[in-house]
$ cat target22.cif   # mmCIF, C-alpha atoms
data_start
loop_
_atom_site.label_atom_id
_atom_site.label_comp_id
_atom_site.auth_asym_id
_atom_site.auth_seq_id
_atom_site.Cartn_x
_atom_site.Cartn_y
_atom_site.Cartn_z
CA MET O 605 -77.51 83.81 -6.27
CA SER O 606 -75.23 84.62 -3.35
CA TRP O 607 -73.32 81.93 -1.49
CA ASP O 608 -73.39 81.62 2.24
CA TRP O 609 -69.75 80.87 2.78
CA GLU O 610 -69.97 80.55 6.53
CA LYS O 611 -72.70 77.97 6.33
CA LEU O 612 -70.85 75.92 3.66
CA LYS O 613 -67.66 75.87 5.74
CA SER O 614 -69.46 74.59 8.81
CA GLN O 615 -71.06 71.78 6.77
CA GLN O 616 -67.65 70.57 5.46
CA GLU O 617 -66.13 70.53 8.95
CA SER O 618 -69.04 68.45 10.25
CA LYS O 619 -68.45 65.83 7.46
CA LYS O 620 -64.63 65.39 8.15
CA VAL O 621 -63.69 61.85 9.45
CA VAL O 622 -61.31 61.73 12.42
CA PRO O 623 -59.05 58.55 12.59
CA PRO O 624 -59.28 56.49 15.78
CA GLN O 625 -56.65 57.20 18.39
CA VAL O 626 -54.43 54.57 19.96
CA GLU O 627 -55.65 55.31 23.44
CA ASN O 628 -59.23 54.77 22.34
CA PHE O 629 -58.27 51.46 20.67
CA PHE O 630 -56.73 50.04 23.83
CA LYS O 631 -59.68 51.26 25.87
CA LYS O 632 -62.08 49.45 23.56
CA PHE O 633 -59.86 46.31 23.53
CA SER O 634 -59.78 46.26 27.33
CA LYS O 635 -63.57 46.51 27.36
CA ASN O 636 -63.80 43.71 24.73
CA LYS O 637 -65.77 45.84 22.44
CA ILE O 638 -63.84 45.09 19.19
CA PRO O 639 -66.15 43.00 17.01
CA GLY O 640 -64.74 39.64 15.60
CA LEU O 641 -61.64 39.45 17.85
CA PRO O 642 -62.29 35.84 19.02
CA ILE O 643 -62.63 34.79 15.38
CA VAL O 644 -59.26 36.34 14.52
CA ILE O 645 -57.61 34.54 17.42
CA LEU O 646 -59.20 31.25 16.38
CA VAL O 647 -58.04 31.72 12.79
CA ILE O 648 -54.46 32.42 13.91
CA PHE O 649 -54.50 29.39 16.19
CA ALA O 650 -55.89 27.20 13.39
CA VAL O 651 -53.18 28.39 11.02
CA PHE O 652 -50.53 27.61 13.63
CA LEU O 653 -51.95 24.12 14.19
CA ALA O 654 -52.14 23.43 10.46
CA SER O 655 -48.57 24.59 9.91
CA SER O 656 -47.33 22.36 12.74
CA MET O 657 -49.30 19.31 11.59
CA PHE O 658 -47.99 19.19 8.02
CA TYR O 659 -44.31 18.96 7.21
CA ALA O 660 -42.12 18.07 4.22
CA VAL O 661 -39.19 15.65 4.30
CA GLY O 662 -36.41 16.10 1.73
CA VAL O 663 -35.25 13.40 -0.67
CA ASP O 664 -31.99 12.93 1.23
CA GLU O 665 -33.49 12.68 4.70
CA VAL O 666 -36.09 10.96 6.88
CA GLY O 667 -38.34 12.28 9.62
CA ILE O 668 -38.27 10.90 13.17
CA ILE O 669 -41.60 11.42 14.99
CA GLN O 670 -41.68 11.72 18.80
CA ARG O 671 -44.89 11.89 20.78
CA PHE O 672 -44.30 13.54 24.12
CA GLY O 673 -40.64 12.61 23.70
CA LYS O 674 -41.21 8.93 22.84
CA TYR O 675 -40.22 7.57 19.43
CA ILE O 676 -43.26 6.69 17.31
CA LYS O 677 -42.23 6.15 13.69
CA THR O 678 -39.93 7.11 10.84
CA THR O 679 -41.41 8.94 7.87
CA GLN O 680 -40.07 8.88 4.33
CA PRO O 681 -39.43 11.80 1.94
CA GLY O 682 -42.47 13.79 0.86
CA LEU O 683 -45.37 15.64 2.50
CA ASN O 684 -46.38 14.05 5.80
CA PHE O 685 -48.89 14.61 8.61
CA LYS O 686 -48.46 14.57 12.37
CA LEU O 687 -50.20 15.76 15.48
CA PRO O 688 -49.72 19.38 16.59
CA ALA O 689 -46.35 20.65 17.75
CA PHE O 690 -47.05 20.42 21.47
CA ILE O 691 -47.95 16.73 21.05
CA GLU O 692 -45.61 15.38 18.40
CA LYS O 693 -42.24 16.62 17.27
CA VAL O 694 -40.39 15.81 14.04
CA THR O 695 -36.62 15.60 13.72
CA LYS O 696 -35.19 15.45 10.21
CA VAL O 697 -32.06 13.34 9.74
CA LYS O 698 -30.08 13.41 6.52
CA VAL O 699 -29.32 9.75 5.73
CA ARG O 700 -27.76 10.24 2.29
CA ARG O 701 -25.35 13.01 3.11
CA VAL O 702 -21.71 12.05 3.64
CA TYR O 703 -20.30 13.84 6.66
CA LYS O 704 -16.63 14.54 7.21
CA LYS O 705 -14.63 14.65 10.42
CA GLU O 706 -10.97 15.67 10.44
CA PHE O 707 -8.27 14.59 12.86
CA GLY O 708 -4.89 16.27 13.27
CA PHE O 709 -5.73 19.31 11.13
CA SER O 710 -8.62 21.55 10.11
CA SER O 711 -9.58 22.48 6.57
CA LEU O 712 -10.30 26.06 5.64
CA ARG O 713 -12.03 26.92 2.38
CA SER O 714 -10.82 29.95 0.48
CA GLY O 715 -12.73 30.31 -2.76
CA GLU O 716 -12.49 26.98 -4.55
CA ARG O 717 -9.31 25.80 -2.85
CA GLN O 718 -9.21 23.75 0.31
CA LEU O 719 -6.30 24.49 2.60
CA PHE O 720 -5.20 22.45 5.61
CA SER O 721 -3.98 24.40 8.62
CA PRO O 722 -3.11 22.97 12.04
CA GLN O 723 -4.79 24.39 15.09
CA ALA O 724 -3.71 24.52 18.70
CA GLY O 725 -4.26 21.18 20.36
CA ILE O 726 -5.26 19.41 17.15
CA GLU O 727 -1.77 18.04 16.50
CA ASP O 728 -1.91 16.14 19.79
CA VAL O 729 -4.48 13.84 18.21
CA SER O 730 -2.18 13.00 15.31
CA LEU O 731 0.88 12.30 17.48
CA MET O 732 1.13 8.51 17.59
CA LEU O 733 3.64 5.89 18.70
CA THR O 734 4.54 3.34 16.04
CA GLY O 735 5.39 -0.30 16.54
CA ASP O 736 9.15 0.39 16.35
CA LEU O 737 8.87 3.07 19.09
CA ASN O 738 8.99 6.09 16.79
CA VAL O 739 6.67 9.09 16.95
CA ALA O 740 4.69 10.02 13.83
CA LEU O 741 2.23 12.73 12.85
CA VAL O 742 -0.75 10.91 11.35
CA PRO O 743 -3.58 13.21 10.17
CA TRP O 744 -6.67 11.58 8.68
CA ILE O 745 -10.28 12.22 7.63
CA VAL O 746 -13.29 10.04 8.41
CA HIS O 747 -16.16 10.13 5.93
CA TYR O 748 -19.35 8.66 7.36
CA ARG O 749 -23.08 8.39 6.75
CA ILE O 750 -26.03 7.94 9.12
CA ASN O 751 -27.50 4.52 8.37
CA ASP O 752 -29.79 4.13 11.40
CA PRO O 753 -31.46 7.42 12.46
CA TYR O 754 -33.09 5.86 15.55
CA ASN O 755 -29.79 4.64 16.98
CA PHE O 756 -28.08 7.87 15.96
CA LEU O 757 -30.59 10.01 17.89
CA PHE O 758 -31.52 7.89 20.90
CA LYS O 759 -28.84 5.24 21.63
CA ILE O 760 -25.82 7.55 22.13
CA ARG O 761 -25.82 10.77 24.11
CA ASP O 762 -23.02 12.44 22.10
CA VAL O 763 -22.42 10.64 18.82
CA GLU O 764 -19.79 13.09 17.59
CA ALA O 765 -17.67 12.65 20.72
CA LEU O 766 -18.03 8.87 20.47
CA LEU O 767 -16.96 8.94 16.81
CA SER O 768 -13.93 11.08 17.67
CA ASP O 769 -12.79 8.83 20.51
CA MET O 770 -13.32 5.59 18.58
CA SER O 771 -11.62 6.94 15.45
CA GLU O 772 -8.57 7.95 17.45
CA ALA O 773 -8.50 4.60 19.30
CA ALA O 774 -8.81 2.61 16.06
CA MET O 775 -6.06 4.61 14.34
CA ARG O 776 -3.70 4.29 17.30
CA LEU O 777 -4.35 0.54 17.40
CA VAL O 778 -3.43 0.14 13.74
CA ILE O 779 -0.43 2.50 13.88
CA GLY O 780 0.89 0.69 16.96
CA ASP O 781 1.35 -2.49 14.90
CA ARG O 782 3.34 -0.80 12.12
CA SER O 783 6.85 0.54 11.75
CA ILE O 784 7.52 4.18 10.93
CA ASN O 785 8.44 3.31 7.35
CA GLU O 786 5.17 1.40 6.89
CA VAL O 787 3.21 4.30 8.39
CA ILE O 788 4.74 6.68 5.84
CA SER O 789 4.65 4.42 2.78
CA LYS O 790 1.56 2.23 3.30
CA ARG O 791 -1.16 4.75 4.09
CA GLY O 792 -3.78 3.00 1.97
CA GLU O 793 -3.43 -0.29 3.85
CA ILE O 794 -3.55 1.53 7.20
CA ALA O 795 -6.71 3.41 6.18
CA ASP O 796 -8.48 0.21 5.11
CA GLU O 797 -7.55 -1.62 8.30
CA ALA O 798 -8.57 1.35 10.49
CA LYS O 799 -11.92 1.53 8.70
CA LEU O 800 -12.68 -2.12 9.52
CA VAL O 801 -11.69 -1.68 13.17
CA LEU O 802 -13.70 1.54 13.57
CA GLN O 803 -16.80 0.13 11.88
CA ALA O 804 -16.75 -2.95 14.12
CA GLU O 805 -16.61 -0.79 17.26
CA LEU O 806 -19.40 1.52 16.05
CA ASP O 807 -21.60 -1.48 15.30
CA LYS O 808 -21.05 -2.79 18.83
CA SER O 809 -22.04 0.56 20.34
CA GLU O 810 -25.10 0.87 18.03
CA ALA O 811 -24.15 4.39 17.00
CA GLY O 812 -26.13 4.24 13.74
CA ILE O 813 -23.12 5.36 11.69
CA SER O 814 -21.65 3.71 8.60
CA ILE O 815 -18.05 4.56 7.71
CA VAL O 816 -17.76 5.36 4.02
CA THR O 817 -14.00 5.72 3.89
CA ILE O 818 -10.98 6.85 5.87
CA GLU O 819 -8.59 9.14 4.01
CA MET O 820 -5.00 9.35 5.21
CA GLU O 821 -3.26 12.67 4.72
CA LYS O 822 0.52 13.13 4.43
CA THR O 823 2.22 11.29 7.26
CA ASN O 824 5.43 12.65 8.70
CA VAL O 825 7.46 12.89 11.89
CA PRO O 826 7.43 15.87 14.31
CA GLU O 827 9.62 18.82 13.39
CA SER O 828 11.77 18.36 16.50
CA VAL O 829 12.93 14.91 15.36
CA GLN O 830 12.92 15.61 11.63
CA PRO O 831 16.73 16.03 11.32
CA SER O 832 17.41 12.77 13.18
CA PHE O 833 14.78 11.00 11.13
CA ASN O 834 16.37 12.28 7.92
CA GLU O 835 19.74 10.96 9.07
CA VAL O 836 18.20 7.58 9.82
CA ASN O 837 16.53 7.51 6.42
CA GLN O 838 19.82 8.46 4.77
CA ALA O 839 21.58 5.63 6.61
CA VAL O 840 18.84 3.20 5.63
CA GLN O 841 19.09 4.31 2.01
CA GLU O 842 22.88 3.91 2.09
CA LYS O 843 22.43 0.44 3.57
CA GLU O 844 19.94 -0.49 0.87
CA LYS O 845 22.30 0.91 -1.76
CA LEU O 846 25.18 -1.24 -0.50
CA ILE O 847 22.93 -4.28 -0.32
CA TYR O 848 21.79 -3.62 -3.88
CA GLN O 849 25.37 -3.25 -5.09
CA ALA O 850 26.37 -6.46 -3.31
CA LYS O 851 23.45 -8.31 -4.85
CA GLU O 852 24.33 -6.91 -8.24
CA GLU O 853 27.94 -8.08 -7.88
CA TYR O 854 26.70 -11.41 -6.57
CA ASN O 855 24.37 -11.83 -9.53
CA LYS O 856 27.23 -10.93 -11.85
CA GLU O 857 29.84 -13.27 -10.34
CA LEU O 858 27.60 -16.22 -9.59
CA PRO O 859 26.62 -16.99 -13.24
CA GLN O 860 30.24 -16.57 -14.28
CA ALA O 861 31.42 -18.99 -11.58
CA ARG O 862 28.66 -21.41 -12.49
CA GLY O 863 29.67 -21.21 -16.16
CA GLU O 864 33.33 -21.78 -15.29
CA ALA O 865 32.42 -24.76 -13.11
CA GLU O 866 30.23 -26.16 -15.86
CA ARG O 867 33.02 -25.72 -18.40
CA THR O 868 35.53 -27.47 -16.10
CA ILE O 869 33.12 -30.31 -15.57
CA ARG O 870 32.60 -30.69 -19.32
CA VAL O 871 36.39 -30.63 -19.97
CA ALA O 872 36.92 -33.26 -17.29
CA GLU O 873 34.16 -35.38 -18.71
CA GLY O 874 35.69 -35.06 -22.22
CA TYR O 875 39.13 -35.96 -20.92
CA ALA O 876 37.73 -38.97 -19.05
CA LEU O 877 35.86 -40.08 -22.14
CA ASP O 878 39.01 -39.67 -24.26
CA ARG O 879 41.12 -41.68 -21.78
CA ILE O 880 38.48 -44.38 -21.61
CA ASN O 881 38.32 -44.60 -25.41
CA ARG O 882 42.11 -44.64 -25.71
CA ALA O 883 42.39 -47.34 -23.04
CA GLY O 884 39.70 -49.31 -24.78
CA GLY O 885 41.51 -48.94 -28.11
CA ASP O 886 44.87 -49.96 -26.62
CA ALA O 887 43.30 -52.92 -24.91
CA SER O 888 41.62 -53.99 -28.17
CA ARG O 889 44.91 -53.62 -30.09
CA PHE O 890 46.80 -55.60 -27.46
CA VAL O 891 44.18 -58.33 -27.54
CA SER O 892 44.35 -58.53 -31.33
CA ILE O 893 48.16 -58.69 -31.25
CA TYR O 894 48.04 -61.35 -28.58
CA ASN O 895 45.62 -63.40 -30.63
CA GLU O 896 47.95 -63.26 -33.62
CA TYR O 897 50.90 -64.13 -31.39
CA VAL O 898 49.15 -67.20 -30.10
CA LYS O 899 48.65 -68.38 -33.68
CA ALA O 900 52.39 -68.13 -34.64
CA LYS O 901 54.62 -67.72 -31.62
CA ASP O 902 57.99 -68.33 -33.41
CA VAL O 903 57.36 -65.90 -36.19
CA THR O 904 56.16 -63.30 -33.81
CA GLN O 905 59.11 -63.77 -31.46
CA ARG O 906 61.64 -63.55 -34.36
CA ARG O 907 59.91 -60.48 -35.78
CA MET O 908 59.86 -58.81 -32.39
CA TYR O 909 63.56 -59.67 -31.91
CA LEU O 910 64.55 -58.25 -35.27
CA GLU O 911 62.49 -55.11 -34.68
CA MET O 912 64.16 -54.64 -31.35
CA LEU O 913 67.67 -55.02 -32.89
CA GLN O 914 66.69 -52.66 -35.68
CA ASP O 915 65.80 -50.10 -33.14
CA LEU O 916 68.73 -50.80 -30.81
CA LEU O 917 71.77 -51.22 -33.11
CA PRO O 918 71.79 -47.69 -34.52
CA LYS O 919 72.17 -46.43 -30.98
CA LEU O 920 75.26 -48.56 -30.08
CA GLY O 921 77.93 -46.81 -32.24
CA ASN O 922 80.98 -48.95 -33.34
CA LYS O 923 80.35 -52.67 -33.27
CA TYR O 924 82.93 -55.53 -33.32
CA ILE O 925 81.79 -59.04 -34.18
CA ILE O 926 84.06 -61.92 -33.10
CA ASP O 927 83.64 -65.48 -34.18
CA ALA O 928 82.94 -67.71 -31.27
CA ASN O 929 85.27 -70.46 -32.73
CA GLN O 930 88.22 -68.13 -32.93
CA LYS O 931 91.05 -69.53 -30.80
CA ASN O 932 93.71 -66.94 -31.23
CA LEU O 933 92.65 -63.32 -30.87
CA LEU O 934 94.29 -61.06 -33.42
CA PRO O 935 95.17 -57.50 -32.52
CA PHE O 936 92.36 -55.11 -33.39
CA LEU O 937 93.07 -52.90 -36.31
CA ASN O 938 92.54 -49.22 -35.99
CA LEU O 939 89.59 -49.49 -38.23
CA GLU O 940 88.22 -46.07 -37.50
CA LYS O 941 91.45 -44.31 -38.51
CA GLN O 942 91.78 -46.40 -41.62
CA THR O 943 88.27 -45.64 -42.55
CA GLY O 944 88.88 -41.99 -41.99
CA ALA O 945 92.08 -42.07 -44.09
CA ILE O 946 90.33 -43.85 -46.90
CA LYS O 947 87.64 -41.21 -46.84
CA ASN O 948 90.26 -38.46 -46.92
CA GLU O 949 91.97 -40.07 -49.91
CA LYS O 950 88.78 -40.15 -51.75
#

$ encode --input "target22.cif" --output "structure tokens"
Amino acid sequence: MSWDWEKLKSQQESKKVVPPQVENFFKKFSKNKIPGLPIVILVIFAVFLASSMFYAVGVDEVGIIQRFGKYIKTTQPGLNFKLPAFIEKVTKVKVRRVYKKEFGFSSLRSGERQLFSPQAGIEDVSLMLTGDLNVALVPWIVHYRINDPYNFLFKIRDVEALLSDMSEAAMRLVIGDRSINEVISKRGEIADEAKLVLQAELDKSEAGISIVTIEMEKTNVPESVQPSFNEVNQAVQEKEKLIYQAKEEYNKELPQARGEAERTIRVAEGYALDRINRAGGDASRFVSIYNEYVKAKDVTQRRMYLEMLQDLLPKLGNKYIIDANQKNLLPFLNLEKQTGAIKNEK
């Protein structure tokens, strides 16, 4: 059987399918001849509506619903439903996240380390006048949380600017009541006081913000006055050193002086007691002697006379006794020489 190759080739060419051209597609689309196009458009529109009507709120946030710009309600975490996008709009606000705002410096993260680097104009915020008319660099960080999403979104036009201005005002108010030494050494007390002042002002303005904490960074003086400030600190330290030494010497001398005074007082009291006892004893002895004298005056007088002579005669030296009835006075013998000669002969 012989094949008709010409006929077979013509049959294959007649069966070949030619893909539609782009020009033909647009011509048919312009003539609205594509079947099912309205259905496709309706399906796309339905999908868009469905995607805009259902939304999910995270566990750390809430959803604020606005209908034509007006606040309607606040939705909680989970899957929620609302009207289409051109009718209602949802704004998600993170109410559990702690935000951070820095003043006087900016933090740059490099890997796992956090570095603080000053920027142009930022140091002007931290330049503050203290209560003793010194200038200090006071950088700080405000950690805050959104506690009222409605007030946060609708009561204040620019919440971040308000927070910045009020934080600076509160810190300057607190720093203005402190000395430079207190600003440097009592940062914790300053941070606590500034937190109370800032929170009170934010509550008055209904900003919807709750201050978690205020963290004070290292406080110092500007570089231009650093040498003078160091000299002042050195003088203050020298003054405190001298005061400490004086107090130490005072504490050393004062107990010693008190002990010496106490000892003198005790010696005087002992001496007074001894004199009183001696006087009492002498008075008692005199009274007892007087009582005995009253009982026998003659005996006492004779005894006292003899005792006096016994005490007096040894002190008189040579004694010559002359009889009162002697009428003719004999010449005195040289008794002393004779006594001496007798002694020599012996």

$ atom_distance --input "target22.cif" --atom1 "CA of Lys856 in chain O" --atom2 "CA of Glu873 in chain O"
26.3 Å

$ atom_distance --input "target22.cif" --atom1 "CA of Lys677 in chain O" --atom2 "CA of Val694 in chain O"
9.8 Å

$ atom_distance --input "target22.cif" --atom1 "CA of Tyr897 in chain O" --atom2 "CA of Tyr909 in chain O"
13.4 Å

$ closest_atom_pairs --input "target22.cif" --of "range 723-766 of chain O" --to "range 788-810 of chain O" --cutoff "9 Å" --atoms "only C-alpha atoms" --output "Markdown table"
| residue | atom | partner | partner_atom | distance |
| --- | --- | --- | --- | --- |
| O:Ala740 | CA | O:Ile788 | CA | 8.7 |
| O:Val742 | CA | O:Ile788 | CA | 8.9 |
| O:Trp744 | CA | O:Ala795 | CA | 8.5 |
| O:Val746 | CA | O:Lys799 | CA | 8.6 |
| O:Asp752 | CA | O:Glu810 | CA | 8.8 |
| O:Asn755 | CA | O:Glu810 | CA | 6.1 |
| O:Phe756 | CA | O:Glu810 | CA | 7.9 |
| O:Lys759 | CA | O:Glu810 | CA | 6.8 |
| O:Ile760 | CA | O:Glu810 | CA | 7.9 |
| O:Leu766 | CA | O:Leu806 | CA | 8.7 |

$ write_last_selection --input "target22.cif" --atoms "C-alpha atoms" --output "tab-separated table (two decimals), in the coordinates of the input"
chain	number	residue	atom	x	y	z
O	740	ALA	CA	4.69	10.02	13.83
O	742	VAL	CA	-0.75	10.91	11.35
O	744	TRP	CA	-6.67	11.58	8.68
O	746	VAL	CA	-13.29	10.04	8.41
O	752	ASP	CA	-29.79	4.13	11.40
O	755	ASN	CA	-29.79	4.64	16.98
O	756	PHE	CA	-28.08	7.87	15.96
O	759	LYS	CA	-28.84	5.24	21.63
O	760	ILE	CA	-25.82	7.55	22.13
O	766	LEU	CA	-18.03	8.87	20.47

$ closest_residue --input "target22.cif" --among "O:Ile750, O:Asp762, O:Leu653, O:Ala876" --to "Ile691 in chain O" --atoms "all atoms listed in the file"
O:Leu653

$ residues_around --input "target22.cif" --residues "Gln680 in chain O" --least-positions-apart "2" --cutoff "8 Å" --atoms "all atoms listed in the file" --output "ChimeraX atom specification"
/O:661,665-667,678,682

$ closest_residue --input "target22.cif" --among "O:Leu741, O:Ile669, O:Val644, O:Ala773" --to "Ala689 in chain O" --atoms "all atoms listed in the file"
O:Ile669

$ resolve_selection --input "target22.cif" --expression "the PyMOL selection byres ((chain O and resi 673) around 9)" --output "PDB file with C-alpha atoms, in the frame of the given file"
ATOM      1  CA  ILE O 669     -41.600  11.420  14.990  1.00  0.00           C
ATOM      2  CA  GLN O 670     -41.680  11.720  18.800  1.00  0.00           C
ATOM      3  CA  ARG O 671     -44.890  11.890  20.780  1.00  0.00           C
ATOM      4  CA  PHE O 672     -44.300  13.540  24.120  1.00  0.00           C
ATOM      5  CA  LYS O 674     -41.210   8.930  22.840  1.00  0.00           C
ATOM      6  CA  TYR O 675     -40.220   7.570  19.430  1.00  0.00           C
ATOM      7  CA  ILE O 691     -47.950  16.730  21.050  1.00  0.00           C
ATOM      8  CA  GLU O 692     -45.610  15.380  18.400  1.00  0.00           C
ATOM      9  CA  LYS O 693     -42.240  16.620  17.270  1.00  0.00           C
TER      10      LYS O 693
END

$ resolve_selection --input "target22.cif" --expression "the PyMOL selection byres ((chain O and resi 731) around 9)" --output "NGL selection string"
:O and (708 or 727-730 or 732-733 or 739-743 or 825-826)

$ closest_residue --input "target22.cif" --among "O:Gly874, O:Phe690, O:Lys899, O:Asn738" --to "Arg782 in chain O" --atoms "all atoms listed in the file"
O:Asn738

$ decode --input "target22.cif" --residues "range 663-684 of chain O" --atoms "N, CA and C atoms" --output "mmCIF file, in the first residue's frame"
data_model
loop_
_atom_site.group_PDB
_atom_site.id
_atom_site.type_symbol
_atom_site.label_atom_id
_atom_site.label_comp_id
_atom_site.auth_asym_id
_atom_site.auth_seq_id
_atom_site.Cartn_x
_atom_site.Cartn_y
_atom_site.Cartn_z
ATOM 1 N N VAL O 663 -2.192 39.598 70.733
ATOM 2 C CA VAL O 663 -2.410 39.483 72.181
ATOM 3 C C VAL O 663 -1.922 40.705 72.941
ATOM 4 N N ASP O 664 -1.024 41.478 72.348
ATOM 5 C CA ASP O 664 -0.477 42.646 73.036
ATOM 6 C C ASP O 664 -1.059 43.955 72.524
ATOM 7 N N GLU O 665 -2.194 43.889 71.834
ATOM 8 C CA GLU O 665 -2.767 45.093 71.253
ATOM 9 C C GLU O 665 -4.279 45.043 71.278
ATOM 10 N N VAL O 666 -4.891 46.169 70.956
ATOM 11 C CA VAL O 666 -6.344 46.281 70.811
ATOM 12 C C VAL O 666 -6.624 46.969 69.482
ATOM 13 N N GLY O 667 -7.872 46.788 69.001
ATOM 14 C CA GLY O 667 -8.259 47.397 67.739
ATOM 15 C C GLY O 667 -9.246 48.537 67.962
ATOM 16 N N ILE O 668 -8.968 49.682 67.365
ATOM 17 C CA ILE O 668 -9.842 50.851 67.458
ATOM 18 C C ILE O 668 -10.616 50.956 66.140
ATOM 19 N N ILE O 669 -11.943 50.870 66.201
ATOM 20 C CA ILE O 669 -12.804 50.891 65.022
ATOM 21 C C ILE O 669 -13.331 52.302 64.827
ATOM 22 N N GLN O 670 -13.184 52.812 63.583
ATOM 23 C CA GLN O 670 -13.730 54.108 63.188
ATOM 24 C C GLN O 670 -14.675 53.905 62.005
ATOM 25 N N ARG O 671 -15.839 54.483 62.121
ATOM 26 C CA ARG O 671 -16.812 54.420 61.026
ATOM 27 C C ARG O 671 -16.933 55.812 60.425
ATOM 28 N N PHE O 672 -16.461 55.912 59.195
ATOM 29 C CA PHE O 672 -16.388 57.206 58.512
ATOM 30 C C PHE O 672 -15.619 58.235 59.364
ATOM 31 N N GLY O 673 -14.582 57.756 60.040
ATOM 32 C CA GLY O 673 -13.739 58.622 60.843
ATOM 33 C C GLY O 673 -14.160 58.769 62.283
ATOM 34 N N LYS O 674 -15.349 58.357 62.662
ATOM 35 C CA LYS O 674 -15.835 58.494 64.028
ATOM 36 C C LYS O 674 -15.546 57.214 64.812
ATOM 37 N N TYR O 675 -15.104 57.408 66.088
ATOM 38 C CA TYR O 675 -14.798 56.260 66.930
ATOM 39 C C TYR O 675 -16.078 55.493 67.250
ATOM 40 N N ILE O 676 -16.004 54.165 67.115
ATOM 41 C CA ILE O 676 -17.173 53.310 67.374
ATOM 42 C C ILE O 676 -16.943 52.427 68.592
ATOM 43 N N LYS O 677 -15.859 51.668 68.604
ATOM 44 C CA LYS O 677 -15.629 50.726 69.690
ATOM 45 C C LYS O 677 -14.165 50.307 69.716
ATOM 46 N N THR O 678 -13.832 49.579 70.778
ATOM 47 C CA THR O 678 -12.500 49.001 70.937
ATOM 48 C C THR O 678 -12.636 47.487 70.991
ATOM 49 N N THR O 679 -11.921 46.795 70.133
ATOM 50 C CA THR O 679 -11.998 45.336 70.067
ATOM 51 C C THR O 679 -10.791 44.722 70.756
ATOM 52 N N GLN O 680 -11.011 43.532 71.305
ATOM 53 C CA GLN O 680 -9.983 42.834 72.069
ATOM 54 C C GLN O 680 -9.215 41.855 71.174
ATOM 55 N N PRO O 681 -8.126 41.276 71.690
ATOM 56 C CA PRO O 681 -7.336 40.341 70.866
ATOM 57 C C PRO O 681 -8.173 39.176 70.354
ATOM 58 N N GLY O 682 -7.840 38.736 69.138
ATOM 59 C CA GLY O 682 -8.544 37.628 68.500
ATOM 60 C C GLY O 682 -9.033 38.022 67.121
ATOM 61 N N LEU O 683 -9.829 37.144 66.521
ATOM 62 C CA LEU O 683 -10.421 37.385 65.200
ATOM 63 C C LEU O 683 -11.698 38.196 65.371
ATOM 64 N N ASN O 684 -11.803 39.297 64.645
ATOM 65 C CA ASN O 684 -12.941 40.205 64.791
ATOM 66 C C ASN O 684 -13.523 40.528 63.418
#
